[in-house]
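Asks: Next up, work_12.txt (compact mmCIF, C-alpha atoms).
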# COMPACT_ATOMS: atom_id res chain seq x y z
CA MET A 219 66.35 8.47 17.23
CA TYR A 220 65.15 11.70 15.62
CA GLN A 221 67.10 14.36 13.81
CA ASN A 222 67.73 17.62 15.62
CA TYR A 223 64.67 19.83 15.22
CA SER A 224 64.27 23.40 16.41
CA THR A 225 61.84 26.04 15.17
CA MET A 226 63.95 28.79 16.72
CA GLU A 227 66.77 28.38 14.19
CA THR A 228 66.31 29.58 10.66
CA ALA A 229 68.83 28.99 7.94
CA LEU A 230 68.31 30.94 4.76
CA PRO A 231 70.87 31.07 1.97
CA LEU A 232 71.48 34.74 1.25
CA GLN A 233 73.16 36.09 -1.82
CA VAL A 234 75.06 39.18 -0.73
CA THR A 235 76.52 40.05 -4.12
CA PHE A 236 74.37 41.51 -6.84
CA SER A 237 75.23 40.71 -10.41
CA ILE A 238 73.50 41.95 -13.51
CA PRO A 239 74.19 41.19 -17.18
CA GLU A 240 76.90 43.13 -18.98
CA ASN A 241 74.39 44.61 -21.44
CA HIS A 242 71.94 45.84 -18.76
CA GLU A 243 70.98 49.52 -18.85
CA ALA A 244 72.16 49.93 -15.24
CA ARG A 245 75.71 49.24 -16.39
CA LEU A 246 75.29 51.77 -19.21
CA ILE A 247 74.10 54.40 -16.71
CA SER A 248 77.00 53.58 -14.39
CA ARG A 249 79.58 53.93 -17.18
CA PHE A 250 77.98 57.19 -18.33
CA VAL A 251 78.03 58.79 -14.87
CA ASP A 252 81.54 57.50 -14.13
CA ALA A 253 82.72 59.18 -17.35
CA ILE A 254 81.65 62.62 -16.07
CA PRO A 255 84.68 64.51 -14.72
CA GLN A 256 84.66 64.70 -10.92
CA GLU A 257 85.01 68.49 -10.83
CA PHE A 258 81.52 68.77 -12.38
CA LEU A 259 79.97 66.48 -9.77
CA LEU A 260 81.87 67.43 -6.64
CA GLU A 261 81.94 70.78 -4.95
CA ASP A 262 82.89 72.09 -1.55
CA THR A 263 80.45 70.76 1.00
CA SER A 264 79.67 71.71 4.53
CA HIS A 265 81.69 70.01 7.24
CA THR A 266 78.81 70.09 9.69
CA GLY A 267 75.75 67.90 9.88
CA ARG A 268 75.19 64.48 8.39
CA PRO A 269 77.59 63.43 5.60
CA ALA A 270 76.00 63.76 2.18
CA PHE A 271 75.56 60.93 -0.29
CA HIS A 272 77.96 60.94 -3.20
CA PRO A 273 76.51 62.97 -6.11
CA ALA A 274 77.45 60.27 -8.64
CA MET A 275 75.43 57.67 -6.73
CA MET A 276 72.43 60.01 -6.51
CA LEU A 277 72.65 60.78 -10.24
CA LYS A 278 72.78 57.06 -11.05
CA MET A 279 69.69 56.50 -8.88
CA CYS A 280 67.75 59.29 -10.59
CA LEU A 281 68.71 58.26 -14.12
CA PHE A 282 67.80 54.62 -13.49
CA ALA A 283 64.49 55.57 -11.85
CA TYR A 284 63.64 57.95 -14.69
CA SER A 285 64.41 55.20 -17.21
CA ARG A 286 61.75 53.14 -15.40
CA SER A 287 59.26 56.06 -15.43
CA VAL A 288 59.57 56.49 -11.67
CA PHE A 289 59.62 60.15 -10.69
CA SER A 290 58.37 60.27 -7.09
CA GLY A 291 60.93 60.33 -4.28
CA ARG A 292 58.99 57.71 -2.32
CA ASN A 293 58.75 55.45 -5.36
CA ILE A 294 62.47 55.89 -6.05
CA GLU A 295 63.13 54.81 -2.47
CA ARG A 296 60.90 51.75 -2.96
CA LEU A 297 62.68 50.95 -6.24
CA ASN A 298 65.99 51.09 -4.37
CA GLU A 299 64.67 48.59 -1.83
CA GLU A 300 63.17 46.16 -4.35
CA SER A 301 65.23 46.35 -7.55
CA ILE A 302 68.50 44.45 -7.82
CA PRO A 303 69.92 46.71 -10.57
CA MET A 304 69.19 49.76 -8.41
CA LYS A 305 70.84 48.07 -5.43
CA TRP A 306 73.85 47.38 -7.64
CA LEU A 307 74.03 51.04 -8.69
CA THR A 308 73.81 52.34 -5.13
CA GLY A 309 76.00 49.69 -3.54
CA ASP A 310 72.97 48.60 -1.49
CA THR A 311 72.89 51.96 0.28
CA ALA A 312 69.64 52.80 2.04
CA VAL A 313 68.44 56.22 0.85
CA THR A 314 65.20 57.80 2.05
CA TYR A 315 62.95 60.05 0.01
CA LYS A 316 63.64 62.90 2.40
Could you spell out this file's structure in structure tokens?
Replies:
Amino acid sequence: MYQNYSTMETALPLQVTFSIPENHEARLISRFVDAIPQEFLLEDTSHTGRPAFHPAMMLKMCLFAYSRSVFSGRNIERLNEESIPMKWLTGDTAVTYK
């Protein structure tokens, strides 16, 4: 008797939560941006078209990318796809360079 074998079933353990150390610079950036009063970040936005990303999230992305010497929009998008601290800052939100 053989064990059940099927190449059509793949089982991969996935970690869906991202954790980074307490002293990581991503946490410092997050605390810094969260300390900015909301009235400086938020303004009246248009009620038509696609909903905008939250300005605090975008600022966190830019500051983290700049701290890594990444300045290109396409490279910031790639950093968001590949870097766990960046995914933690953005809440694993997919953002394109456009």
Asks: Find the smallest box with edges along x, y and z containing every listed atom of range 298-306 of chain A, then add 5 Å on each side and report centre and edge lengths in Å to one decimal, as lines of an AutoDock Vina configuration file.
Replies:
center_x = 68.5
center_y = 47.8
center_z = -6.2
size_x = 20.7
size_y = 16.6
size_z = 18.7
Asks: CA of His242 in chain A and CA of Phe282 in chain A are how many Å apart?
Replies: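 Taking CA of His242 in chain A and CA of Phe282 in chain A, their separation equals 11.0 Å.
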Asks: Just checking: using only C-alpha atoms, which residue out of A:Thr266, A:Thr314, A:Gln256, A:Asn298 ends up closest to Met279 in chain A?
Replies: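 Of A:Thr266, A:Thr314, A:Gln256, A:Asn298, the one nearest Met279 in chain A, counting only C-alpha atoms, is A:Asn298.
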Asks: Find the residues near Glu295 in chain A: any atom within 12 Å, counting all atoms listed in the file, skip ones fewer than 2 places away on the same chain, and give them as a PyMOL selection string.
Replies: chain A and resi 276+279-280+282-283+288-293+297-301+304-305+308+310-316
Asks: Hey, which of A:Ala270, A:Leu307, A:Ile294, A:Ile302 ends up closest to Arg249 in chain A? Count all atoms listed in the file.
Replies: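 Answer, going by the shortest atom-to-atom distance: A:Leu307.
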Asks: For a quick check of understanding, using all atoms listed in the file, which of A:Leu281, A:Pro273, A:Ser237, A:Leu246 has the smallest distance to Phe258 in chain A?
Replies: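 Nearest candidate to Phe258 in chain A out of A:Leu281, A:Pro273, A:Ser237, A:Leu246: A:Pro273.
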Asks: Work out how far CA of Trp306 in chain A is from CA of Leu277 in chain A, in Å to one decimal.
Replies: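 Rounded to one decimal, the two atoms are 13.7 Å apart.
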Asks: Quick one: distance from CA of Gly309 in chain A to CA of Ile247 in chain A in Å, one decimal?
Replies: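 Separating CA of Gly309 in chain A from CA of Ile247 in chain A is a distance of 14.1 Å.
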Asks: I need the residue nearest Pro255 in chain A from this list: A:Ala274, A:Arg268, A:Ile238, A:Glu243. Use only C-alpha atoms for the distance.
Replies: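 Closest to Pro255 in chain A, using only C-alpha atoms: A:Ala274.
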Asks: Could you check which of A:Pro269, A:Ser285, A:Met275, A:Leu260 is closest to Ser248 in chain A, using all atoms listed in the file?
Replies: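 That would be A:Met275, the residue with the smallest distance to Ser248 in chain A.
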